[in-house]
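Working notes, structure below.
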Amino acid sequence: MKVGRNELCPCGSGKKYKRCCMDSASKQHAEIFDDFAQAVAMTPDLTLDELNLVAQHKMNERNNRANEDFCGLTPTQMANWLYAPFSELEGVHITVPNDLSASPVMRYLSLIIDEIGQQGGSIKATAKGNLPVKLVKQASELLPEFAVSEFETVPGVSEYRGSNEDQFNALHYTRILAEISGIIYLKGGHYYVEKKAQTQGLADFFLPMLETAVRRYKWSYLDGWSEEVDLQPFWLFMLWRLQTHCSVDKLNSEVSTAFPDLLKQIPHDEYFSQQDQLNSMIDSRFVVRFLQFWGFLTIDPRRYIGGVRVLREATVLPLLRQSFAFSV
């Protein structure tokens, strides 16, 4: 079925087709047409049914051919990673690790659930609907147990410490994921654990929380970059590449090559190029406030040392390899 220029793009970005994947799709259609035309020129006496078979064969052949721009993935593989339901992703096996204590998100979730249980089934929220200050303090005290603690030395700018939830991004992120996932809920100024979640253990929440993080939570929420640019559909591709080579700089280049339309969605800025803006979005939304929050990797926050730019190299932590095993 043909997608209209002003219809929503089938990639799920929420943007109009003409402002998202239309150029890439047009390029692919042109390449398939060229292949088809060449085949017809070589055998001009084909019947209509035979022509249809040739066209179908050419499309299947191209869709299952390794694409250099996709770092060797085929268009069929990439389509699965972009559009398939979480439970139907191919080429990757997602497992719940036996030990989740190294994950800030899962530790904070455990702390919230335990505190609700210890307080008789609910905890009182602040006037703004945030978690109580006592719990925030308890969560702050967990920082030394996480691998990221070596970089979080100044409490005033830490993602993992704060005097209240508004100043504690990793905890705030966890609470929002837990609500969207249907694990906790706010009612009458108090937080409760959903009835269906009361008999489940922490490991049971890993996959629902992860799916919420990559499919339902809005990645632009905690930053000031353009909301027009949606990186979430590409999360698994980015995770695969970063797990492969650990270079954020290389990842930025690979994303721009594989999905060039992303750059077109970024507004022009007097001080930052479109590529620089995209790099910052990948760093903020994907590397720091997804992978680090989950305890999948760490990265030195310094961009320059002695006036020299530092290569953005990530350190992959055991939890990442325990959770994701790629077979592509």
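Order determines the names: the first chain of the structure tokens is A, the second B, and so forth; residues in each chain are numbered 1 upward, and ligands are numbered 1 upward as they are shown.
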Which residues of region 178-260 of chain A have any atom within 12 Å of an atom in region 60-79 of chain A when counting only C-alpha atoms, and what is the closest pair of atoms for each, with the distance in Å to one decimal? Order the rows by chain and rising number and write it as JSON lines.
```
{"residue": "A:Pro233", "atom": "CA", "partner": "A:Ala79", "partner_atom": "CA", "distance": 10.1}
{"residue": "A:Phe234", "atom": "CA", "partner": "A:Met78", "partner_atom": "CA", "distance": 9.1}
{"residue": "A:Trp235", "atom": "CA", "partner": "A:Met78", "partner_atom": "CA", "distance": 11.4}
{"residue": "A:Leu236", "atom": "CA", "partner": "A:Met78", "partner_atom": "CA", "distance": 9.5}
{"residue": "A:Phe237", "atom": "CA", "partner": "A:Met78", "partner_atom": "CA", "distance": 7.9}
{"residue": "A:Met238", "atom": "CA", "partner": "A:Phe70", "partner_atom": "CA", "distance": 10.7}
{"residue": "A:Trp240", "atom": "CA", "partner": "A:Cys71", "partner_atom": "CA", "distance": 10.2}
{"residue": "A:Arg241", "atom": "CA", "partner": "A:Cys71", "partner_atom": "CA", "distance": 8.5}
{"residue": "A:Thr244", "atom": "CA", "partner": "A:Cys71", "partner_atom": "CA", "distance": 11.0}
{"residue": "A:Lys250", "atom": "CA", "partner": "A:Cys71", "partner_atom": "CA", "distance": 11.6}
{"residue": "A:Leu251", "atom": "CA", "partner": "A:Cys71", "partner_atom": "CA", "distance": 10.7}
{"residue": "A:Ser253", "atom": "CA", "partner": "A:Asp69", "partner_atom": "CA", "distance": 10.4}
{"residue": "A:Glu254", "atom": "CA", "partner": "A:Cys71", "partner_atom": "CA", "distance": 7.6}
{"residue": "A:Val255", "atom": "CA", "partner": "A:Phe70", "partner_atom": "CA", "distance": 8.7}
{"residue": "A:Ser256", "atom": "CA", "partner": "A:Asp69", "partner_atom": "CA", "distance": 9.4}
{"residue": "A:Thr257", "atom": "CA", "partner": "A:Asp69", "partner_atom": "CA", "distance": 5.9}
{"residue": "A:Ala258", "atom": "CA", "partner": "A:Asp69", "partner_atom": "CA", "distance": 5.0}
{"residue": "A:Phe259", "atom": "CA", "partner": "A:Asp69", "partner_atom": "CA", "distance": 8.6}
{"residue": "A:Pro260", "atom": "CA", "partner": "A:Asp69", "partner_atom": "CA", "distance": 10.0}
```
Given only C-alpha atoms, how would the per-residue table for region 175-265 of chain A near region 130-150 of chain A read, listing every residue at most 10 Å away with its closest atom pair and distance in Å to one decimal, sorted by chain and number, as JSON lines?
```
{"residue": "A:Arg175", "atom": "CA", "partner": "A:Leu131", "partner_atom": "CA", "distance": 8.2}
{"residue": "A:Leu186", "atom": "CA", "partner": "A:Asn130", "partner_atom": "CA", "distance": 9.6}
{"residue": "A:Gly189", "atom": "CA", "partner": "A:Asn130", "partner_atom": "CA", "distance": 9.5}
{"residue": "A:His190", "atom": "CA", "partner": "A:Leu131", "partner_atom": "CA", "distance": 9.1}
{"residue": "A:Tyr191", "atom": "CA", "partner": "A:Leu131", "partner_atom": "CA", "distance": 8.2}
```
Output file for the selection above: N, CA, C and O atoms, as an mmCIF file, in the first residue's frame:
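Once everything was written out, this is selection20.cif:
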```cif
data_model
loop_
_atom_site.group_PDB
_atom_site.id
_atom_site.type_symbol
_atom_site.label_atom_id
_atom_site.label_comp_id
_atom_site.auth_asym_id
_atom_site.auth_seq_id
_atom_site.Cartn_x
_atom_site.Cartn_y
_atom_site.Cartn_z
ATOM 1 N N ARG A 175 11.172 6.109 38.551
ATOM 2 C CA ARG A 175 9.784 6.224 39.037
ATOM 3 C C ARG A 175 8.802 6.339 37.876
ATOM 4 O O ARG A 175 7.738 5.709 37.867
ATOM 5 N N LEU A 186 0.024 6.338 41.566
ATOM 6 C CA LEU A 186 -0.225 7.430 42.507
ATOM 7 C C LEU A 186 -1.730 7.634 42.658
ATOM 8 O O LEU A 186 -2.438 7.791 41.662
ATOM 9 N N GLY A 189 -2.499 11.150 46.704
ATOM 10 C CA GLY A 189 -1.271 11.658 47.305
ATOM 11 C C GLY A 189 -0.349 10.579 47.841
ATOM 12 O O GLY A 189 0.626 10.896 48.543
ATOM 13 N N HIS A 190 -0.623 9.316 47.512
ATOM 14 C CA HIS A 190 0.218 8.219 47.977
ATOM 15 C C HIS A 190 0.589 7.304 46.799
ATOM 16 O O HIS A 190 -0.197 7.150 45.857
ATOM 17 N N TYR A 191 1.768 6.698 46.902
ATOM 18 C CA TYR A 191 2.195 5.714 45.914
ATOM 19 C C TYR A 191 1.900 4.315 46.441
ATOM 20 O O TYR A 191 2.168 4.003 47.609
#
```
Going by DSSP on the backbone, which residues of region 104-160 of chain A come out as helix (DSSP H, G or I)? List them as an mmCIF file with all heavy atoms, in the first residue's frame.
```cif
data_model
loop_
_atom_site.group_PDB
_atom_site.id
_atom_site.type_symbol
_atom_site.label_atom_id
_atom_site.label_comp_id
_atom_site.auth_asym_id
_atom_site.auth_seq_id
_atom_site.Cartn_x
_atom_site.Cartn_y
_atom_site.Cartn_z
ATOM 1 N N PRO A 104 21.440 0.697 38.460
ATOM 2 C CA PRO A 104 20.789 1.747 39.251
ATOM 3 C C PRO A 104 19.267 1.717 39.126
ATOM 4 O O PRO A 104 18.557 1.795 40.136
ATOM 5 C CB PRO A 104 21.380 3.033 38.662
ATOM 6 C CG PRO A 104 22.745 2.619 38.184
ATOM 7 C CD PRO A 104 22.548 1.225 37.635
ATOM 8 N N VAL A 105 18.758 1.588 37.916
ATOM 9 C CA VAL A 105 17.307 1.596 37.721
ATOM 10 C C VAL A 105 16.635 0.487 38.521
ATOM 11 O O VAL A 105 15.637 0.724 39.219
ATOM 12 C CB VAL A 105 16.962 1.460 36.221
ATOM 13 C CG1 VAL A 105 15.506 1.050 36.033
ATOM 14 C CG2 VAL A 105 17.198 2.775 35.498
ATOM 15 N N MET A 106 17.172 -0.718 38.434
ATOM 16 C CA MET A 106 16.522 -1.828 39.125
ATOM 17 C C MET A 106 16.697 -1.735 40.639
ATOM 18 O O MET A 106 15.800 -2.127 41.395
ATOM 19 C CB MET A 106 17.067 -3.152 38.583
ATOM 20 C CG MET A 106 16.784 -3.384 37.097
ATOM 21 S SD MET A 106 15.039 -3.172 36.618
ATOM 22 C CE MET A 106 14.256 -4.507 37.523
ATOM 23 N N ARG A 107 17.825 -1.198 41.107
ATOM 24 C CA ARG A 107 18.005 -1.005 42.547
ATOM 25 C C ARG A 107 17.049 0.053 43.070
ATOM 26 O O ARG A 107 16.482 -0.094 44.161
ATOM 27 C CB ARG A 107 19.456 -0.607 42.846
ATOM 28 C CG ARG A 107 20.455 -1.738 42.676
ATOM 29 C CD ARG A 107 20.318 -2.815 43.755
ATOM 30 N NE ARG A 107 20.547 -2.305 45.093
ATOM 31 C CZ ARG A 107 21.762 -2.082 45.618
ATOM 32 N NH1 ARG A 107 22.856 -2.328 44.899
ATOM 33 N NH2 ARG A 107 21.876 -1.637 46.850
ATOM 34 N N TYR A 108 16.878 1.128 42.328
ATOM 35 C CA TYR A 108 15.950 2.170 42.757
ATOM 36 C C TYR A 108 14.517 1.641 42.769
ATOM 37 O O TYR A 108 13.735 1.962 43.669
ATOM 38 C CB TYR A 108 16.045 3.396 41.844
ATOM 39 C CG TYR A 108 17.397 4.092 41.855
ATOM 40 C CD1 TYR A 108 17.850 4.767 40.729
ATOM 41 C CD2 TYR A 108 18.205 4.073 42.977
ATOM 42 C CE1 TYR A 108 19.084 5.409 40.723
ATOM 43 C CE2 TYR A 108 19.435 4.712 42.981
ATOM 44 C CZ TYR A 108 19.875 5.370 41.852
ATOM 45 O OH TYR A 108 21.095 6.009 41.848
ATOM 46 N N LEU A 109 14.180 0.843 41.773
ATOM 47 C CA LEU A 109 12.841 0.251 41.744
ATOM 48 C C LEU A 109 12.626 -0.635 42.964
ATOM 49 O O LEU A 109 11.573 -0.583 43.608
ATOM 50 C CB LEU A 109 12.658 -0.562 40.460
ATOM 51 C CG LEU A 109 11.325 -1.315 40.342
ATOM 52 C CD1 LEU A 109 10.154 -0.339 40.308
ATOM 53 C CD2 LEU A 109 11.315 -2.207 39.102
ATOM 54 N N SER A 110 13.633 -1.445 43.281
ATOM 55 C CA SER A 110 13.540 -2.304 44.449
ATOM 56 C C SER A 110 13.360 -1.486 45.718
ATOM 57 O O SER A 110 12.555 -1.837 46.600
ATOM 58 C CB SER A 110 14.805 -3.162 44.554
ATOM 59 O OG SER A 110 14.775 -3.974 45.710
ATOM 60 N N LEU A 111 14.088 -0.383 45.813
ATOM 61 C CA LEU A 111 13.996 0.490 46.982
ATOM 62 C C LEU A 111 12.583 1.067 47.116
ATOM 63 O O LEU A 111 12.013 1.098 48.221
ATOM 64 C CB LEU A 111 15.015 1.627 46.853
ATOM 65 C CG LEU A 111 15.084 2.626 48.004
ATOM 66 C CD1 LEU A 111 15.546 1.955 49.283
ATOM 67 C CD2 LEU A 111 16.026 3.778 47.643
ATOM 68 N N ILE A 112 12.008 1.509 46.010
ATOM 69 C CA ILE A 112 10.652 2.078 46.027
ATOM 70 C C ILE A 112 9.640 1.029 46.482
ATOM 71 O O ILE A 112 8.803 1.285 47.364
ATOM 72 C CB ILE A 112 10.277 2.606 44.627
ATOM 73 C CG1 ILE A 112 11.159 3.802 44.249
ATOM 74 C CG2 ILE A 112 8.805 3.009 44.579
ATOM 75 C CD1 ILE A 112 11.024 4.224 42.792
ATOM 76 N N ILE A 113 9.712 -0.166 45.893
ATOM 77 C CA ILE A 113 8.758 -1.221 46.232
ATOM 78 C C ILE A 113 8.917 -1.652 47.689
ATOM 79 O O ILE A 113 7.927 -1.830 48.416
ATOM 80 C CB ILE A 113 8.941 -2.422 45.284
ATOM 81 C CG1 ILE A 113 8.546 -2.032 43.862
ATOM 82 C CG2 ILE A 113 8.108 -3.607 45.750
ATOM 83 C CD1 ILE A 113 8.842 -3.101 42.825
ATOM 84 N N ASP A 114 10.158 -1.808 48.133
ATOM 85 C CA ASP A 114 10.406 -2.219 49.518
ATOM 86 C C ASP A 114 9.898 -1.165 50.503
ATOM 87 O O ASP A 114 9.313 -1.513 51.542
ATOM 88 C CB ASP A 114 11.898 -2.451 49.741
ATOM 89 C CG ASP A 114 12.402 -3.697 49.039
ATOM 90 O OD1 ASP A 114 11.574 -4.502 48.576
ATOM 91 O OD2 ASP A 114 13.646 -3.845 48.925
ATOM 92 N N GLU A 115 10.128 0.092 50.192
ATOM 93 C CA GLU A 115 9.683 1.153 51.100
ATOM 94 C C GLU A 115 8.158 1.186 51.192
ATOM 95 O O GLU A 115 7.594 1.407 52.271
ATOM 96 C CB GLU A 115 10.223 2.502 50.611
ATOM 97 C CG GLU A 115 9.901 3.684 51.525
ATOM 98 C CD GLU A 115 10.603 3.626 52.866
ATOM 99 O OE1 GLU A 115 11.533 2.796 53.030
ATOM 100 O OE2 GLU A 115 10.224 4.413 53.765
ATOM 101 N N ILE A 116 7.486 0.977 50.084
ATOM 102 C CA ILE A 116 6.023 0.928 50.103
ATOM 103 C C ILE A 116 5.548 -0.214 50.989
ATOM 104 O O ILE A 116 4.617 -0.061 51.789
ATOM 105 C CB ILE A 116 5.468 0.767 48.665
ATOM 106 C CG1 ILE A 116 5.690 2.061 47.872
ATOM 107 C CG2 ILE A 116 3.978 0.415 48.683
ATOM 108 C CD1 ILE A 116 5.304 1.966 46.401
ATOM 109 N N GLY A 117 6.213 -1.363 50.874
ATOM 110 C CA GLY A 117 5.842 -2.507 51.705
ATOM 111 C C GLY A 117 6.095 -2.261 53.174
ATOM 112 O O GLY A 117 5.270 -2.608 54.028
ATOM 113 N N GLN A 118 7.219 -1.634 53.479
ATOM 114 C CA GLN A 118 7.562 -1.375 54.873
ATOM 115 C C GLN A 118 6.666 -0.324 55.519
ATOM 116 O O GLN A 118 6.523 -0.294 56.739
ATOM 117 C CB GLN A 118 9.032 -0.944 54.955
ATOM 118 C CG GLN A 118 10.019 -2.033 54.603
ATOM 119 C CD GLN A 118 11.446 -1.524 54.468
ATOM 120 O OE1 GLN A 118 11.736 -0.378 54.834
ATOM 121 N NE2 GLN A 118 12.335 -2.357 53.954
ATOM 122 N N VAL A 133 11.293 12.642 50.454
ATOM 123 C CA VAL A 133 12.697 13.010 50.607
ATOM 124 C C VAL A 133 13.495 11.906 51.299
ATOM 125 O O VAL A 133 14.656 11.649 50.950
ATOM 126 C CB VAL A 133 12.813 14.331 51.398
ATOM 127 C CG1 VAL A 133 14.274 14.636 51.712
ATOM 128 C CG2 VAL A 133 12.193 15.470 50.612
ATOM 129 N N LYS A 134 12.894 11.214 52.234
ATOM 130 C CA LYS A 134 13.577 10.121 52.931
ATOM 131 C C LYS A 134 14.033 9.055 51.943
ATOM 132 O O LYS A 134 15.166 8.562 52.015
ATOM 133 C CB LYS A 134 12.646 9.513 53.981
ATOM 134 C CG LYS A 134 13.218 8.280 54.664
ATOM 135 C CD LYS A 134 12.189 7.611 55.571
ATOM 136 C CE LYS A 134 12.714 6.284 56.121
ATOM 137 N NZ LYS A 134 11.686 5.581 56.931
ATOM 138 N N LEU A 135 13.180 8.710 51.018
ATOM 139 C CA LEU A 135 13.526 7.689 50.025
ATOM 140 C C LEU A 135 14.612 8.193 49.072
ATOM 141 O O LEU A 135 15.494 7.440 48.673
ATOM 142 C CB LEU A 135 12.278 7.264 49.249
ATOM 143 C CG LEU A 135 12.395 6.011 48.383
ATOM 144 C CD1 LEU A 135 11.049 5.295 48.295
ATOM 145 C CD2 LEU A 135 12.868 6.347 46.968
ATOM 146 N N VAL A 136 14.522 9.481 48.714
ATOM 147 C CA VAL A 136 15.542 10.079 47.852
ATOM 148 C C VAL A 136 16.916 9.984 48.514
ATOM 149 O O VAL A 136 17.922 9.660 47.867
ATOM 150 C CB VAL A 136 15.204 11.546 47.540
ATOM 151 C CG1 VAL A 136 16.337 12.210 46.759
ATOM 152 C CG2 VAL A 136 13.904 11.642 46.751
ATOM 153 N N LYS A 137 16.969 10.234 49.808
ATOM 154 C CA LYS A 137 18.231 10.147 50.547
ATOM 155 C C LYS A 137 18.763 8.716 50.527
ATOM 156 O O LYS A 137 19.963 8.482 50.329
ATOM 157 C CB LYS A 137 18.034 10.619 51.983
ATOM 158 C CG LYS A 137 19.325 10.678 52.812
ATOM 159 C CD LYS A 137 19.048 11.258 54.191
ATOM 160 C CE LYS A 137 20.348 11.433 54.978
ATOM 161 N NZ LYS A 137 20.997 10.123 55.247
ATOM 162 N N GLN A 138 17.875 7.749 50.715
ATOM 163 C CA GLN A 138 18.290 6.347 50.695
ATOM 164 C C GLN A 138 18.843 5.966 49.323
ATOM 165 O O GLN A 138 19.847 5.244 49.224
ATOM 166 C CB GLN A 138 17.092 5.451 51.045
ATOM 167 C CG GLN A 138 16.626 5.583 52.486
ATOM 168 C CD GLN A 138 15.351 4.789 52.745
ATOM 169 O OE1 GLN A 138 14.522 4.628 51.851
ATOM 170 N NE2 GLN A 138 15.204 4.277 53.954
ATOM 171 N N ALA A 139 18.197 6.455 48.280
ATOM 172 C CA ALA A 139 18.661 6.163 46.924
ATOM 173 C C ALA A 139 20.021 6.809 46.659
ATOM 174 O O ALA A 139 20.887 6.227 45.998
ATOM 175 C CB ALA A 139 17.633 6.652 45.911
ATOM 176 N N SER A 140 20.221 8.020 47.170
ATOM 177 C CA SER A 140 21.501 8.710 46.994
ATOM 178 C C SER A 140 22.647 7.925 47.611
ATOM 179 O O SER A 140 23.771 7.910 47.094
ATOM 180 C CB SER A 140 21.441 10.105 47.626
ATOM 181 O OG SER A 140 20.554 10.953 46.936
ATOM 182 N N LEU A 143 24.823 5.214 45.573
ATOM 183 C CA LEU A 143 25.748 5.564 44.489
ATOM 184 C C LEU A 143 27.092 4.854 44.562
ATOM 185 O O LEU A 143 27.573 4.345 43.539
ATOM 186 C CB LEU A 143 25.957 7.079 44.437
ATOM 187 C CG LEU A 143 26.994 7.577 43.426
ATOM 188 C CD1 LEU A 143 26.643 7.152 42.006
ATOM 189 C CD2 LEU A 143 27.128 9.103 43.498
ATOM 190 N N PRO A 144 27.760 4.772 45.710
ATOM 191 C CA PRO A 144 29.082 4.124 45.738
ATOM 192 C C PRO A 144 29.069 2.671 45.278
ATOM 193 O O PRO A 144 30.124 2.121 44.950
ATOM 194 C CB PRO A 144 29.483 4.229 47.220
ATOM 195 C CG PRO A 144 28.719 5.411 47.740
ATOM 196 C CD PRO A 144 27.402 5.358 47.017
ATOM 197 N N GLU A 145 27.903 2.048 45.224
ATOM 198 C CA GLU A 145 27.821 0.649 44.824
ATOM 199 C C GLU A 145 27.767 0.468 43.306
ATOM 200 O O GLU A 145 27.857 -0.660 42.816
ATOM 201 C CB GLU A 145 26.584 0.000 45.463
ATOM 202 C CG GLU A 145 26.589 0.046 46.985
ATOM 203 C CD GLU A 145 25.367 -0.612 47.574
ATOM 204 O OE1 GLU A 145 24.845 -1.563 46.945
ATOM 205 O OE2 GLU A 145 24.912 -0.185 48.655
ATOM 206 N N ALA A 147 29.012 1.215 39.249
ATOM 207 C CA ALA A 147 30.251 1.441 38.496
ATOM 208 C C ALA A 147 30.401 2.901 38.077
ATOM 209 O O ALA A 147 31.516 3.405 37.952
ATOM 210 C CB ALA A 147 30.273 0.547 37.260
ATOM 211 N N VAL A 148 29.292 3.581 37.900
ATOM 212 C CA VAL A 148 29.335 4.965 37.437
ATOM 213 C C VAL A 148 29.824 5.915 38.522
ATOM 214 O O VAL A 148 30.117 7.082 38.252
ATOM 215 C CB VAL A 148 27.932 5.395 36.938
ATOM 216 C CG1 VAL A 148 26.989 5.614 38.128
ATOM 217 C CG2 VAL A 148 27.992 6.641 36.080
ATOM 218 N N SER A 149 29.952 5.431 39.751
ATOM 219 C CA SER A 149 30.285 6.311 40.876
ATOM 220 C C SER A 149 31.632 7.001 40.712
ATOM 221 O O SER A 149 31.848 8.089 41.245
ATOM 222 C CB SER A 149 30.275 5.513 42.186
ATOM 223 O OG SER A 149 31.268 4.500 42.174
ATOM 224 N N GLU A 150 32.557 6.392 39.955
ATOM 225 C CA GLU A 150 33.868 7.015 39.804
ATOM 226 C C GLU A 150 33.800 8.349 39.078
ATOM 227 O O GLU A 150 34.698 9.171 39.189
ATOM 228 C CB GLU A 150 34.808 6.085 39.038
ATOM 229 C CG GLU A 150 34.398 5.820 37.602
ATOM 230 C CD GLU A 150 35.397 4.961 36.853
ATOM 231 O OE1 GLU A 150 36.572 5.392 36.760
ATOM 232 O OE2 GLU A 150 35.020 3.879 36.384
ATOM 233 N N PRO A 155 28.151 16.226 44.013
ATOM 234 C CA PRO A 155 26.726 15.996 44.224
ATOM 235 C C PRO A 155 25.820 16.987 43.502
ATOM 236 O O PRO A 155 24.742 16.637 43.051
ATOM 237 C CB PRO A 155 26.579 16.125 45.750
ATOM 238 C CG PRO A 155 27.930 15.782 46.279
ATOM 239 C CD PRO A 155 28.898 16.308 45.262
ATOM 240 N N GLY A 156 26.259 18.221 43.347
ATOM 241 C CA GLY A 156 25.399 19.231 42.739
ATOM 242 C C GLY A 156 25.064 18.970 41.285
ATOM 243 O O GLY A 156 24.065 19.470 40.780
ATOM 244 N N VAL A 157 25.902 18.183 40.587
ATOM 245 C CA VAL A 157 25.638 17.928 39.171
ATOM 246 C C VAL A 157 25.496 16.429 38.894
ATOM 247 O O VAL A 157 25.575 15.988 37.776
ATOM 248 C CB VAL A 157 26.772 18.497 38.278
ATOM 249 C CG1 VAL A 157 26.811 20.004 38.372
ATOM 250 C CG2 VAL A 157 28.126 17.900 38.659
#
```
What are the DSSP strand (DSSP E or B) residues of region 106-316 of chain A, as a list in words?
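The residues of region 106-316 of chain A classed as strand (DSSP E or B) are Ile123, Lys124, Ile184, Tyr185, Leu186, Lys187, His190, Tyr191, Tyr192, Val193, Ser247, Leu297, Thr298, Ile299, Tyr304, Ile305, Val308, Arg309, Glu313, Ala314, Thr315 and Val316 of chain A.
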Name the residues in contact with Trp294 (chain A) at a cut-off of 10 Å, using only C-alpha atoms, excluding same-chain residues fewer than 6 positions from it; report them as a PyMOL selection string.
chain A and resi 100+102-107+170+174+210+213+288+319-320
Using C-alpha atoms, can you export the residues from the last selection as a tab-separated table (two decimals), in the first residue's frame?
```tsv
chain	number	residue	atom	x	y	z
A	100	LEU	CA	20.44	-6.96	39.09
A	102	ALA	CA	24.61	-3.38	39.55
A	103	SER	CA	21.72	-1.65	37.77
A	104	PRO	CA	20.79	1.75	39.25
A	105	VAL	CA	17.31	1.60	37.72
A	106	MET	CA	16.52	-1.83	39.12
A	107	ARG	CA	18.00	-1.01	42.55
A	170	ALA	CA	18.09	8.55	37.49
A	174	THR	CA	12.97	5.03	37.36
A	210	LEU	CA	13.19	-2.32	29.64
A	213	ALA	CA	12.31	2.45	28.41
A	288	VAL	CA	24.06	8.50	29.41
A	319	LEU	CA	25.21	-6.55	32.84
A	320	LEU	CA	25.00	-5.53	29.16
```
